[in-house]
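I have placed the structure first, in the form of C-alpha cells, so that the comments after it can refer back to it.
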Amino acid sequence: MINKRIQMFGSPAAPVWALLWLAVFAINANSSELKEFQFKHHNNEEIYDVILQIREKCPSITSLYRLSEDSVEGRPLLVIVFSTHPTYHKSLDPEFKYIANMHGNEVLGRELLLKLADYFCEEYKAGNEEIVKLITKTRIHLMPTMNPDGWQRSTDDGGSNYLIGRDNAEGVDLNRNFPDLDRIVFDNEAYYKDINNHLMQMVDHLEQPVQPETKAVMQMIMSIPFVASANLHGGDLVANYPYDASRYGNVQGEYATSPDDETFKWLALSYSNYHADMANPNRMPCRGGDKNFGKEGGITNGAKWYSVKGGMQDFNYLSSNDFEITLELGCTKYTKESELEKEWNRNKNALINLIWQSHIGIKGIVKDAVTLKPLANAFIKVVNVTNGQHSPILHDVTSVQDGDYYRLLTDGDYHVTASMDGYLSSTKLVTVENKPHNEAKVMNFTLQPIILPSNYNKKRKRFAYSNSITADKLQMF
C-alpha cells in the first residue's frame with residue numbers, strides 16, 4: 001500500500017534528490033480531510049500520511065524527495081524540506097538536515113521530527129516571526145526514519161528490548177556501516193599528508209558491504225551541500241561531537257580532537273543549553289555507574305565516551321562540508337507514547353536553535369576575477385589569529401554549486417584564504433561575532449587567474465556538488 005501511494009515519486013533507482021512535485025495528490029482518498037497532529041507512535045504507513053498532509057497544508061514552503069535506495073524490505077526513505085525555495089539550493093542560504101531512527105528501536109527522534117515538521121507548517125502560516133525568518137533563510141531537510149525495517153521489528157517485539165530492532169533487516173548496525181574515513185584522516189596526520197577534507201576519493205576498500213539505507217544517505221550527503229546536521233538517537237541524554245573514533249585504537253576515555261573542536265562544542269552546547277534538562281548538572285545519570293553528562297554541560301566528545309568506527313557523524317564531516325553532531329535524546333530507547341508530548345516540549349527549543357547554528361561564522365561567493373563567474377571547488381582555509389595566536393584549522397571547506405561557501409566558526413579573528421588550482425590565492429582578515437538568529441557575515445572572494453587560455457571565455461562547465469571522483473567512488477557501493 002505504501003509503495004502504491006508514493007510510486008509517482010520515483011523508483012528506488014531514481015536520483016537521490018528527485019523531488020516529489022506531486023506529493024499532495026498521493027494522499028489516500030480516505031485521508032482527504034486534513035487531521036490535527038497526534039502525539040502517538042506513527043507506524044511506517046502513518047509517517048507517510050503525516051508528511052504528505054503537511055505538504056498539502058503548506059505547499060509553498062515544502063517539498064518531498066525519496067532517497068535513491070529503499071530499505072532492505074522495500075520501504076521508501078522520505079525527506080520533507082522546508083524553505084521558501086524548497087525545491088532547489090539558493091546561493092548563500094545554508095542547508096541543514098536532521099536524520100532520526102537510524103537505530104530502529106530508538107524512536108523518539110522520529111516522532112520529534114514529525115512534530116517539528118507540523119510545527120514549522122503551522123507557525124509559518126500563523127506568522128511566527130522567528131520561524132518565518134528561519135525558513136526564509138535556511139533550507140531544512142527532515143528525515144524521520146532511516147531504519148523503518150528496524151522500527152517495525154522493534155515494535156512487533158513490544159519495544160522493550162534494548163537490542164531488537166536496532167539493526168536493519170540484514171542485522172547490520174547502520175551507525176557502523178559507513179566508510180571509515182577517521183582511519184584515513186588519522187593516517188594522513190601520522191604521515192604529514194595535507195589532506196584533511198572530502199576524503200571519499202581516498203577510499204580504496206570496504207570492510208563490509210554498504211547497506212541500502214547507508215548508501216542512500218551517502219548519496220544524499222554527496223548530492224546536497226549541507227552545512228550542519230544532527231542524527232537523533234536514544235539511550236542517554238547528551239550531545240555528542242567528533243571525533244567518534246579513537247585515534248589510537250579504542251583507547252578508553254581518549255578525547256579524539258577534531259580540527260574544529262571549538263566549533264563542534266559550540267554546536268553541541270547550542271542544543272544542550274536549550275534542552276530542558278540535558279545540561280542540568282543535578283540530574284541523575286541514566287543508569288547506575290553511568291557518567292552524569294549534565295555535569296559537563298550535557299556534551300561529550302564521541303571517542304572519549306566510547307569509540308565508534310564507521311559512524312555517520314564523522315563521515316559527514318570528513319566526506320563533505322557538513323558539520324554533524326549526534327543527539328542522544330533520553331535514557332529510554334522506545335519512549336512511552338504517553339511521554340511524547342512532554343519530550344517535544346523538552347526538545348522543541350533545542351531543535352530549532354541548532355538549525356540556527358548553520359548561520360554562524362562566515363559565508364560568501366568565490367568568483368573568477370576576469371569573467372565574474374562562480375568558482376566551485378575552491379578551498380577555504382582558515383587560521384585562528386585571535387589574541388595574537390596563529391593556529392591553522394586543518395580542515396578546509398569548499399565552495400559549492402554557485403561558488404558559495406559556508407564556514408562555521410566561533411567568535412574570534414581569522415585569516416581566511418580562498419584558493420584554487422590555476423588562480424592566485426586571496427587572504428582576508430575577518431572578525432566573527434555570532435549573534436542569535438542572525439545570518440553569517442558575508443565575505444566574498446574574487447580570484448585572479450594565473451594563465452588565460454585562448455578559449456577561457458567560452459562557457460564553463462557547470463559544477464555538480466558530487467564531483468566525478470566521488471560519483472565514481474559511490475559506484476563501488
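Scheme for the C-alpha cells: letters A, B, ... for chains in order shown; per-chain residue numbers from 1; ligand numbers from 1 in order shown.
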Counting only C-alpha atoms, what are the residues of region 231-313 of chain A within 10 Å of region 168-181 of chain A, and for each of them which pair of atoms is the nearest and at what distance in Å, to one decimal? Sort the table by chain and rising number, as JSON lines.
```
{"residue": "A:Ala245", "atom": "CA", "partner": "A:Asp180", "partner_atom": "CA", "distance": 9.2}
{"residue": "A:Val308", "atom": "CA", "partner": "A:Arg176", "partner_atom": "CA", "distance": 7.0}
{"residue": "A:Lys309", "atom": "CA", "partner": "A:Arg176", "partner_atom": "CA", "distance": 5.8}
{"residue": "A:Gly310", "atom": "CA", "partner": "A:Arg176", "partner_atom": "CA", "distance": 4.3}
{"residue": "A:Gly311", "atom": "CA", "partner": "A:Asn175", "partner_atom": "CA", "distance": 4.6}
{"residue": "A:Met312", "atom": "CA", "partner": "A:Asn175", "partner_atom": "CA", "distance": 5.8}
{"residue": "A:Gln313", "atom": "CA", "partner": "A:Asn175", "partner_atom": "CA", "distance": 8.5}
```
Identify, with DSSP run on backbone atoms, the residues in region 183-374 of chain A assigned to alpha helix (DSSP H), and express the list as a ChimeraX atom specification. /A:183-190,212-223,261-272,302-305,312-319,340-356
So which residues touch His85 (chain A) within 8 Å, counting only C-alpha atoms, skipping near sequence neighbours fewer than 3 positions away, as JSON, numbers by chain? {"A": [61, 88, 89, 90, 139]}
Compare A:Lys348, A:Lys215, A:Lys428, A:His359 by their minimum atom-to-atom distance to Thr138 (chain A), counting only C-alpha atoms, and give me the closest one. A:His359
Selection: 12 Å around Val383 (chain A), only C-alpha atoms, excl. self and same-chain fewer than 3 positions, as a PDB file with N, CA and C atoms, in the first residue's frame:
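So around.pdb came out as:
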```pdb
ATOM      1  N   PRO A 259      39.919  19.087  14.142  1.00  0.00           N
ATOM      2  CA  PRO A 259      40.409  20.452  13.936  1.00  0.00           C
ATOM      3  C   PRO A 259      39.394  21.521  14.323  1.00  0.00           C
ATOM      4  N   ASP A 260      38.109  21.183  14.273  1.00  0.00           N
ATOM      5  CA  ASP A 260      37.045  22.136  14.585  1.00  0.00           C
ATOM      6  C   ASP A 260      36.437  21.857  15.950  1.00  0.00           C
ATOM      7  N   ILE A 380      38.578  26.804   1.076  1.00  0.00           N
ATOM      8  CA  ILE A 380      38.524  27.875   2.065  1.00  0.00           C
ATOM      9  C   ILE A 380      39.334  27.412   3.267  1.00  0.00           C
ATOM     10  N   THR A 386      43.143  34.978  16.785  1.00  0.00           N
ATOM     11  CA  THR A 386      42.583  35.670  17.943  1.00  0.00           C
ATOM     12  C   THR A 386      43.649  35.872  19.019  1.00  0.00           C
ATOM     13  N   GLY A 388      46.452  37.275  18.999  1.00  0.00           N
ATOM     14  CA  GLY A 388      47.833  37.123  18.584  1.00  0.00           C
ATOM     15  C   GLY A 388      48.287  35.710  18.282  1.00  0.00           C
ATOM     16  N   GLN A 389      47.410  34.726  18.442  1.00  0.00           N
ATOM     17  CA  GLN A 389      47.811  33.358  18.122  1.00  0.00           C
ATOM     18  C   GLN A 389      47.877  33.161  16.615  1.00  0.00           C
ATOM     19  N   HIS A 390      48.468  32.070  16.190  1.00  0.00           N
ATOM     20  CA  HIS A 390      48.490  31.687  14.774  1.00  0.00           C
ATOM     21  C   HIS A 390      48.220  30.184  14.719  1.00  0.00           C
ATOM     22  N   SER A 391      46.925  29.822  14.698  1.00  0.00           N
ATOM     23  CA  SER A 391      46.522  28.410  14.801  1.00  0.00           C
ATOM     24  C   SER A 391      45.713  28.005  13.582  1.00  0.00           C
ATOM     25  N   PRO A 392      46.352  27.364  12.603  1.00  0.00           N
ATOM     26  CA  PRO A 392      45.597  26.891  11.436  1.00  0.00           C
ATOM     27  C   PRO A 392      44.538  25.868  11.848  1.00  0.00           C
ATOM     28  N   ILE A 393      43.345  25.998  11.288  1.00  0.00           N
ATOM     29  CA  ILE A 393      42.285  24.995  11.473  1.00  0.00           C
ATOM     30  C   ILE A 393      42.404  24.030  10.302  1.00  0.00           C
ATOM     31  N   LEU A 394      42.955  22.859  10.557  1.00  0.00           N
ATOM     32  CA  LEU A 394      43.357  21.952   9.486  1.00  0.00           C
ATOM     33  C   LEU A 394      42.182  21.125   8.967  1.00  0.00           C
ATOM     34  N   HIS A 395      41.156  21.829   8.561  1.00  0.00           N
ATOM     35  CA  HIS A 395      40.020  21.197   7.897  1.00  0.00           C
ATOM     36  C   HIS A 395      39.407  22.241   6.974  1.00  0.00           C
ATOM     37  N   ASP A 396      39.612  22.070   5.689  1.00  0.00           N
ATOM     38  CA  ASP A 396      39.110  23.035   4.716  1.00  0.00           C
ATOM     39  C   ASP A 396      37.698  22.687   4.290  1.00  0.00           C
ATOM     40  N   LEU A 409      32.257  29.020  12.271  1.00  0.00           N
ATOM     41  CA  LEU A 409      33.343  29.446  13.145  1.00  0.00           C
ATOM     42  C   LEU A 409      32.759  30.039  14.430  1.00  0.00           C
ATOM     43  N   GLY A 412      35.806  35.241  17.107  1.00  0.00           N
ATOM     44  CA  GLY A 412      37.248  35.439  17.090  1.00  0.00           C
ATOM     45  C   GLY A 412      37.713  36.108  15.818  1.00  0.00           C
ATOM     46  N   ASP A 413      39.038  36.241  15.683  1.00  0.00           N
ATOM     47  CA  ASP A 413      39.664  36.829  14.495  1.00  0.00           C
ATOM     48  C   ASP A 413      40.318  35.728  13.676  1.00  0.00           C
ATOM     49  N   TYR A 414      40.138  35.801  12.360  1.00  0.00           N
ATOM     50  CA  TYR A 414      40.628  34.731  11.489  1.00  0.00           C
ATOM     51  C   TYR A 414      41.221  35.301  10.204  1.00  0.00           C
ATOM     52  N   HIS A 415      42.290  34.675   9.722  1.00  0.00           N
ATOM     53  CA  HIS A 415      42.742  34.867   8.362  1.00  0.00           C
ATOM     54  C   HIS A 415      42.068  33.783   7.510  1.00  0.00           C
ATOM     55  N   VAL A 416      41.359  34.200   6.480  1.00  0.00           N
ATOM     56  CA  VAL A 416      40.629  33.271   5.624  1.00  0.00           C
ATOM     57  C   VAL A 416      41.210  33.371   4.220  1.00  0.00           C
ATOM     58  N   THR A 417      41.581  32.217   3.662  1.00  0.00           N
ATOM     59  CA  THR A 417      42.188  32.170   2.332  1.00  0.00           C
ATOM     60  C   THR A 417      41.332  31.339   1.392  1.00  0.00           C
ATOM     61  N   ALA A 418      41.015  31.907   0.241  1.00  0.00           N
ATOM     62  CA  ALA A 418      40.351  31.161  -0.829  1.00  0.00           C
ATOM     63  C   ALA A 418      41.404  30.821  -1.875  1.00  0.00           C
ATOM     64  N   THR A 427      43.674  36.227   0.554  1.00  0.00           N
ATOM     65  CA  THR A 427      43.528  36.110   2.007  1.00  0.00           C
ATOM     66  C   THR A 427      42.942  37.392   2.581  1.00  0.00           C
ATOM     67  N   LYS A 428      41.994  37.234   3.500  1.00  0.00           N
ATOM     68  CA  LYS A 428      41.365  38.375   4.153  1.00  0.00           C
ATOM     69  C   LYS A 428      41.291  38.123   5.657  1.00  0.00           C
ATOM     70  N   LEU A 429      41.253  39.211   6.409  1.00  0.00           N
ATOM     71  CA  LEU A 429      41.079  39.138   7.856  1.00  0.00           C
ATOM     72  C   LEU A 429      39.618  39.406   8.191  1.00  0.00           C
ATOM     73  N   VAL A 430      39.054  38.579   9.062  1.00  0.00           N
ATOM     74  CA  VAL A 430      37.665  38.762   9.454  1.00  0.00           C
ATOM     75  C   VAL A 430      37.528  38.589  10.957  1.00  0.00           C
ATOM     76  N   THR A 431      36.659  39.386  11.546  1.00  0.00           N
ATOM     77  CA  THR A 431      36.283  39.219  12.949  1.00  0.00           C
ATOM     78  C   THR A 431      34.876  38.645  12.996  1.00  0.00           C
TER      79      THR A 431
END
```
Skip region 37-51 of chain A itself and residues of its chain fewer than 4 positions away, then list as a ChimeraX atom specification all residues within 9 Å of it, counting only C-alpha atoms. /A:1-2,6,27-28,31,55-56,64,75,78-80,107-108,110-111,114-115,117-118,144-145,148-149,151-152,155,336-341
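By only C-alpha atoms, and with residues fewer than 3 positions from Ile184 (chain A) along its chain excluded, the set lying at most 12 Å from it is Pro179, Asp180, Leu181, Asp187, Asn188, Glu189, Ala190, Tyr191, Lys193, Asp194, Ile195, Asn196, Asn197, His198, Leu199, Met200, Gln201, Met202, Val203, Asp204, His205, Ala245, Arg247, Lys309, Gly310, Asp314, Phe315, Leu318 and Ser319 of chain A.
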Limited to C-alpha atoms, could you put the picked residues into a file as a PDB file, in the first residue's frame?
```
ATOM      1  CA  PRO A 179      33.259   4.032   5.130  1.00  0.00           C
ATOM      2  CA  ASP A 180      35.853   4.521   7.858  1.00  0.00           C
ATOM      3  CA  LEU A 181      37.177   7.986   6.982  1.00  0.00           C
ATOM      4  CA  ASP A 187      46.836   8.048   8.829  1.00  0.00           C
ATOM      5  CA  ASN A 188      47.193  11.313   6.911  1.00  0.00           C
ATOM      6  CA  GLU A 189      48.050  13.093  10.154  1.00  0.00           C
ATOM      7  CA  ALA A 190      50.666  10.469  11.015  1.00  0.00           C
ATOM      8  CA  TYR A 191      52.348  10.730   7.619  1.00  0.00           C
ATOM      9  CA  LYS A 193      49.766  14.461   4.408  1.00  0.00           C
ATOM     10  CA  ASP A 194      47.941  17.754   3.935  1.00  0.00           C
ATOM     11  CA  ILE A 195      44.633  16.086   3.027  1.00  0.00           C
ATOM     12  CA  ASN A 196      42.039  16.769   5.685  1.00  0.00           C
ATOM     13  CA  ASN A 197      38.677  17.013   3.928  1.00  0.00           C
ATOM     14  CA  HIS A 198      36.478  15.398   1.256  1.00  0.00           C
ATOM     15  CA  LEU A 199      38.225  12.073   1.778  1.00  0.00           C
ATOM     16  CA  MET A 200      35.960   9.809  -0.260  1.00  0.00           C
ATOM     17  CA  GLN A 201      38.490   9.816  -3.110  1.00  0.00           C
ATOM     18  CA  MET A 202      40.932   8.022  -0.781  1.00  0.00           C
ATOM     19  CA  VAL A 203      38.637   5.061  -0.045  1.00  0.00           C
ATOM     20  CA  ASP A 204      40.185   2.016  -1.731  1.00  0.00           C
ATOM     21  CA  HIS A 205      38.384  -0.827   0.048  1.00  0.00           C
ATOM     22  CA  ALA A 245      36.598   7.145  16.638  1.00  0.00           C
ATOM     23  CA  ARG A 247      42.990   7.756  17.090  1.00  0.00           C
ATOM     24  CA  LYS A 309      34.132   3.064  13.774  1.00  0.00           C
ATOM     25  CA  GLY A 310      32.195   3.694  10.563  1.00  0.00           C
ATOM     26  CA  ASP A 314      32.279  11.619  11.298  1.00  0.00           C
ATOM     27  CA  PHE A 315      31.516  10.504   7.738  1.00  0.00           C
ATOM     28  CA  LEU A 318      35.225  14.064   6.548  1.00  0.00           C
ATOM     29  CA  SER A 319      33.407  13.450   3.254  1.00  0.00           C
TER      30      SER A 319
END
```
For Asn349 (chain A), which of A:Tyr274, A:Tyr306, A:Phe323, A:Phe264 is the closest residue, counting only C-alpha atoms? A:Tyr274
Can you tell me how far CA of Lys441 (chain A) sits from CA of Gly127 (chain A), in Å to one decimal?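 Pair CA of Lys441 (chain A) / CA of Gly127 (chain A) returns 26.1 Å.
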Counting only C-alpha atoms, the residue of A:His437, A:Val370, A:Ala268, A:Gly104 that sits nearest Ile135 (chain A):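 Ranking A:His437, A:Val370, A:Ala268, A:Gly104 by distance to Ile135 (chain A), first place goes to A:His437.
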Per residue of region 386-424 of chain A within 10 Å of region 218-229 of chain A, which atom pair is closest and at what distance in Å (one decimal), using only C-alpha atoms, listed by chain and increasing number, as CSV?
```
residue,atom,partner,partner_atom,distance
A:Val397,CA,A:Val227,CA,9.8
A:Thr398,CA,A:Pro225,CA,9.8
A:Ser399,CA,A:Pro225,CA,9.2
A:Val400,CA,A:Pro225,CA,6.8
A:Gln401,CA,A:Pro225,CA,8.2
A:Asp404,CA,A:Pro225,CA,9.9
A:Tyr405,CA,A:Val227,CA,9.1
A:Tyr406,CA,A:Val227,CA,6.7
A:Arg407,CA,A:Val227,CA,8.1
A:Leu408,CA,A:Val227,CA,8.0
```
What residues in region 336-458 of chain A get the DSSP label strand (DSSP E or B)? Please answer as a ChimeraX atom specification. /A:362-368,374,379-384,391-398,404-407,412-419,423,426-432,441-442,445-447,449
Please identify all polymer residues within 12 Å of Asp421 (chain A), counting only C-alpha atoms, omitting same-chain residues fewer than 5 positions from it, and present them as a PyMOL selection string. chain A and resi 368+375-379+447-451
Let me make sure I understand: among A:Leu424, A:Leu372, A:Leu34, A:Leu267, which one has the smallest atom-to-atom distance to Ile355 (chain A) if we use only C-alpha atoms?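 Once distances to Ile355 (chain A) are computed over only C-alpha atoms, the minimum belongs to A:Leu267.
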